[in-house]
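What follows is a short report on a single structure.
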Amino acid sequence: MMRRVLLGFMGIHILHHASRGEVTGTFMMEELERHGYRVSPGTIYPLLHKMEEMGLLKSRTEVRNGRRMRLYRATPKGEELLTEAKKKVRELCSEVLGD
Ligand SMILES: [Zn+2]
């Protein structure tokens with residue numbers, strides 16, 4: 001359980017989007033920026049790679065406008081972890097927000 005929680009906010013956020021559709025590293029960086037976090041490619045790509053190694057994401061490559069890009073999607077294992085993480089986040093938020 002601890003190991004799972006240690007995936008952290010960024011990992012959970014990636015899983016959230018990757019469970020709704022395919023995401024790219026660029027998309028995730030823009031997403032995080034929208035939420036007010038500046039993340040460099042040197043952070044996001046190794047994290048995506050690590051999450052794939054952990055079996056939480058599955059990637060495929062596609063050529064779009066002559067550019068090769070890697071698209072990530074959550075695996076059933078990733079979805080399961082996301083469900084668990086949501087419970088934890090909900091618990092924590094309701095304590096912090098006091099309801
Ligand atoms: Zn988001």
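Each chain in the structure tokens gets a letter, A, B and so on, in the order shown; residues start at 1 in every chain, and ligands are counted from 1 in the order they appear.
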Check which residues of chain A sit at most 7 Å from ligand 1 using only C-alpha atoms and all ligand atoms, and return one row each with the closest pair of atoms and their distance in Å to one decimal, ordered by chain and rising number, as a Markdown table.
```
| residue | atom | partner | partner_atom_place_in_ligand_line | distance |
| --- | --- | --- | --- | --- |
| A:His13 | CA | ligand 1 | 1 (Zn) | 6.1 |
| A:His17 | CA | ligand 1 | 1 (Zn) | 6.6 |
| A:Glu31 | CA | ligand 1 | 1 (Zn) | 5.1 |
| A:Leu32 | CA | ligand 1 | 1 (Zn) | 6.3 |
| A:His35 | CA | ligand 1 | 1 (Zn) | 6.7 |
```
Selection above as a file: C-alpha atoms, as a PDB file, in the first residue's frame:
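Generated output (out_22.pdb):
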```
ATOM      1  CA  HIS A  13      -2.790  12.532 -12.253  1.00  0.00           C
ATOM      2  CA  HIS A  17      -5.986  11.014 -17.752  1.00  0.00           C
ATOM      3  CA  GLU A  31      -2.056  19.362 -18.281  1.00  0.00           C
ATOM      4  CA  LEU A  32       0.203  19.765 -15.264  1.00  0.00           C
ATOM      5  CA  HIS A  35      -2.967  22.865 -12.846  1.00  0.00           C
TER       6      HIS A  35
END
```
Find the residues of segment 8-40 of chain A that sit at most 10 Å from segment 60-81 of chain A; for each, write down the nearest two atoms and how far apart they are in Å, to one decimal. Count only C-alpha atoms. Sort by chain, then by number going up, and give it as a tab-separated table.
```
residue	atom	partner	partner_atom	distance
A:Ile12	CA	A:Leu81	CA	8.6
A:Ile14	CA	A:Ala74	CA	8.8
A:Leu15	CA	A:Ala74	CA	6.2
A:His16	CA	A:Glu79	CA	8.3
A:His17	CA	A:Ala74	CA	8.5
A:Ala18	CA	A:Arg73	CA	4.7
A:Ser19	CA	A:Ala74	CA	5.0
A:Arg20	CA	A:Arg73	CA	8.2
A:Gly21	CA	A:Arg73	CA	6.3
A:Glu22	CA	A:Arg73	CA	4.8
A:Val23	CA	A:Tyr72	CA	5.2
A:Thr24	CA	A:Leu71	CA	5.0
A:Gly25	CA	A:Arg70	CA	7.9
A:Thr26	CA	A:Met69	CA	9.7
A:Phe27	CA	A:Leu71	CA	9.9
```
The selected residues should be written to file as a short mmCIF file (atom, residue, chain, number, x, y, z; two decimals), in the first residue's frame (atoms: N, CA, C and O atoms).
```
data_model
loop_
_atom_site.label_atom_id
_atom_site.label_comp_id
_atom_site.auth_asym_id
_atom_site.auth_seq_id
_atom_site.Cartn_x
_atom_site.Cartn_y
_atom_site.Cartn_z
N ILE A 12 -0.60 9.77 -10.10
CA ILE A 12 -2.06 9.59 -10.00
C ILE A 12 -2.75 10.44 -11.06
O ILE A 12 -3.70 10.01 -11.71
N ILE A 14 -1.48 11.33 -13.92
CA ILE A 14 -1.25 10.67 -15.21
C ILE A 14 -2.24 9.52 -15.38
O ILE A 14 -2.88 9.39 -16.43
N LEU A 15 -2.39 8.71 -14.33
CA LEU A 15 -3.32 7.58 -14.41
C LEU A 15 -4.75 8.05 -14.68
O LEU A 15 -5.48 7.44 -15.45
N HIS A 16 -5.12 9.13 -14.04
CA HIS A 16 -6.46 9.69 -14.22
C HIS A 16 -6.72 9.97 -15.71
O HIS A 16 -7.73 9.55 -16.26
N HIS A 17 -5.79 10.67 -16.34
CA HIS A 17 -5.99 11.01 -17.75
C HIS A 17 -5.82 9.80 -18.67
O HIS A 17 -6.55 9.66 -19.64
N ALA A 18 -4.85 8.94 -18.34
CA ALA A 18 -4.59 7.76 -19.18
C ALA A 18 -5.69 6.71 -19.06
O ALA A 18 -5.76 5.78 -19.85
N SER A 19 -6.56 6.86 -18.06
CA SER A 19 -7.68 5.92 -17.94
C SER A 19 -8.86 6.39 -18.78
O SER A 19 -9.78 5.64 -19.08
N ARG A 20 -8.81 7.67 -19.18
CA ARG A 20 -9.90 8.23 -20.01
C ARG A 20 -9.59 8.19 -21.49
O ARG A 20 -10.48 8.30 -22.32
N GLY A 21 -8.30 8.06 -21.81
CA GLY A 21 -7.89 8.01 -23.20
C GLY A 21 -6.38 8.00 -23.29
O GLY A 21 -5.71 8.05 -22.26
N GLU A 22 -5.87 7.92 -24.50
CA GLU A 22 -4.43 7.89 -24.67
C GLU A 22 -3.83 9.27 -24.40
O GLU A 22 -4.40 10.28 -24.79
N VAL A 23 -2.68 9.27 -23.73
CA VAL A 23 -2.00 10.54 -23.46
C VAL A 23 -0.56 10.48 -23.95
O VAL A 23 0.02 9.41 -24.06
N THR A 24 -0.01 11.66 -24.23
CA THR A 24 1.41 11.75 -24.60
C THR A 24 2.12 12.54 -23.49
O THR A 24 1.47 13.18 -22.66
N GLY A 25 3.45 12.48 -23.51
CA GLY A 25 4.22 13.24 -22.53
C GLY A 25 3.94 14.73 -22.64
O GLY A 25 3.80 15.42 -21.63
N THR A 26 3.81 15.20 -23.88
CA THR A 26 3.52 16.62 -24.11
C THR A 26 2.18 17.00 -23.52
O THR A 26 2.04 18.02 -22.84
N PHE A 27 1.17 16.17 -23.77
CA PHE A 27 -0.16 16.43 -23.23
C PHE A 27 -0.10 16.51 -21.71
O PHE A 27 -0.68 17.43 -21.10
#
```
Determine, using only C-alpha atoms, which residues of segment 2-30 of chain A have any atom at most 8 Å from an atom of segment 42-52 of chain A, and tabulate each with its shortest atom pair and distance in Å to one decimal place, rows ordered by chain and then rising number, as a tab-separated table.
```
residue	atom	partner	partner_atom	distance
A:Gly11	CA	A:Leu47	CA	7.5
A:Gly25	CA	A:Tyr45	CA	6.2
A:Met28	CA	A:Ile44	CA	7.7
A:Met29	CA	A:Ile44	CA	7.1
```
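One finds atom CA of Ser59 of chain A at 20.5 Å from atom CA of Gly8 of chain A.
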DSSP on the backbone, strand (DSSP E) only: what residues of chain A does that give? Format it as a compact mmCIF listing (two decimals) with N, CA, C and O atoms, in the first residue's frame.
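Contents of part22.txt, as written:
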```txt
# COMPACT_ATOMS: atom_id res chain seq x y z
N LEU A 57 0.88 1.42 -17.11
CA LEU A 57 0.59 2.02 -18.42
C LEU A 57 1.07 1.09 -19.51
O LEU A 57 1.97 0.28 -19.29
N LYS A 58 0.45 1.25 -20.68
CA LYS A 58 0.92 0.50 -21.85
C LYS A 58 1.05 1.53 -22.96
O LYS A 58 0.18 2.37 -23.14
N SER A 59 2.15 1.46 -23.70
CA SER A 59 2.34 2.47 -24.75
C SER A 59 2.40 1.85 -26.13
O SER A 59 2.64 0.66 -26.30
N ARG A 60 2.13 2.69 -27.11
CA ARG A 60 2.32 2.31 -28.51
C ARG A 60 2.83 3.55 -29.23
O ARG A 60 2.67 4.67 -28.73
N THR A 61 3.47 3.35 -30.37
CA THR A 61 3.95 4.52 -31.10
C THR A 61 3.10 4.72 -32.34
O THR A 61 2.53 3.78 -32.88
N GLU A 62 3.00 5.98 -32.69
CA GLU A 62 2.20 6.33 -33.85
C GLU A 62 2.90 7.49 -34.56
O GLU A 62 3.53 8.31 -33.91
N VAL A 63 2.78 7.53 -35.89
CA VAL A 63 3.37 8.64 -36.62
C VAL A 63 2.25 9.62 -36.98
O VAL A 63 1.27 9.26 -37.61
N ARG A 64 2.41 10.84 -36.48
CA ARG A 64 1.43 11.90 -36.77
C ARG A 64 2.16 13.07 -37.38
O ARG A 64 3.08 13.59 -36.79
N ARG A 67 5.77 12.84 -37.46
CA ARG A 67 6.46 12.74 -36.17
C ARG A 67 6.04 11.48 -35.45
O ARG A 67 4.85 11.19 -35.34
N ARG A 68 7.06 10.80 -34.92
CA ARG A 68 6.78 9.59 -34.16
C ARG A 68 6.44 9.98 -32.74
O ARG A 68 7.19 10.68 -32.08
N MET A 69 5.28 9.55 -32.29
CA MET A 69 4.95 9.86 -30.90
C MET A 69 4.51 8.63 -30.14
O MET A 69 4.00 7.68 -30.73
N ARG A 70 4.74 8.67 -28.84
CA ARG A 70 4.39 7.55 -27.99
C ARG A 70 3.11 7.89 -27.22
O ARG A 70 3.03 8.94 -26.58
N LEU A 71 2.14 6.99 -27.32
CA LEU A 71 0.85 7.20 -26.66
C LEU A 71 0.69 6.20 -25.52
O LEU A 71 0.92 5.00 -25.72
N TYR A 72 0.29 6.70 -24.38
CA TYR A 72 0.14 5.86 -23.18
C TYR A 72 -1.31 5.72 -22.79
O TYR A 72 -2.09 6.68 -22.85
N ARG A 73 -1.63 4.52 -22.31
CA ARG A 73 -2.99 4.22 -21.87
C ARG A 73 -2.88 3.42 -20.57
O ARG A 73 -1.99 2.60 -20.43
N ALA A 74 -3.78 3.64 -19.64
CA ALA A 74 -3.75 2.89 -18.38
C ALA A 74 -4.10 1.43 -18.62
O ALA A 74 -4.96 1.11 -19.44
```
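Note that the spacing between atom CA of Leu82 of chain A and atom CA of Ser94 of chain A amounts to 17.9 Å.
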Tell me, which residues of segment 52-81 of chain A carry DSSP helix (DSSP H, G or I), written as a PDB file with C-alpha atoms, in the first residue's frame?
```
ATOM      1  CA  GLU A  52       4.979   1.371 -17.935  1.00  0.00           C
ATOM      2  CA  GLU A  53       7.654  -0.819 -16.369  1.00  0.00           C
ATOM      3  CA  PRO A  76      -6.304  -2.762 -15.832  1.00  0.00           C
ATOM      4  CA  LYS A  77      -3.657  -2.778 -13.086  1.00  0.00           C
ATOM      5  CA  GLY A  78      -3.297   0.997 -13.481  1.00  0.00           C
ATOM      6  CA  GLU A  79      -7.065   1.485 -13.293  1.00  0.00           C
ATOM      7  CA  GLU A  80      -7.181  -0.598 -10.130  1.00  0.00           C
ATOM      8  CA  LEU A  81      -4.462   1.504  -8.528  1.00  0.00           C
TER       9      LEU A  81
END
```
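Rounded to one decimal, atom CA of Cys93 of chain A and atom CA of Met10 of chain A lie 16.5 Å from each other.
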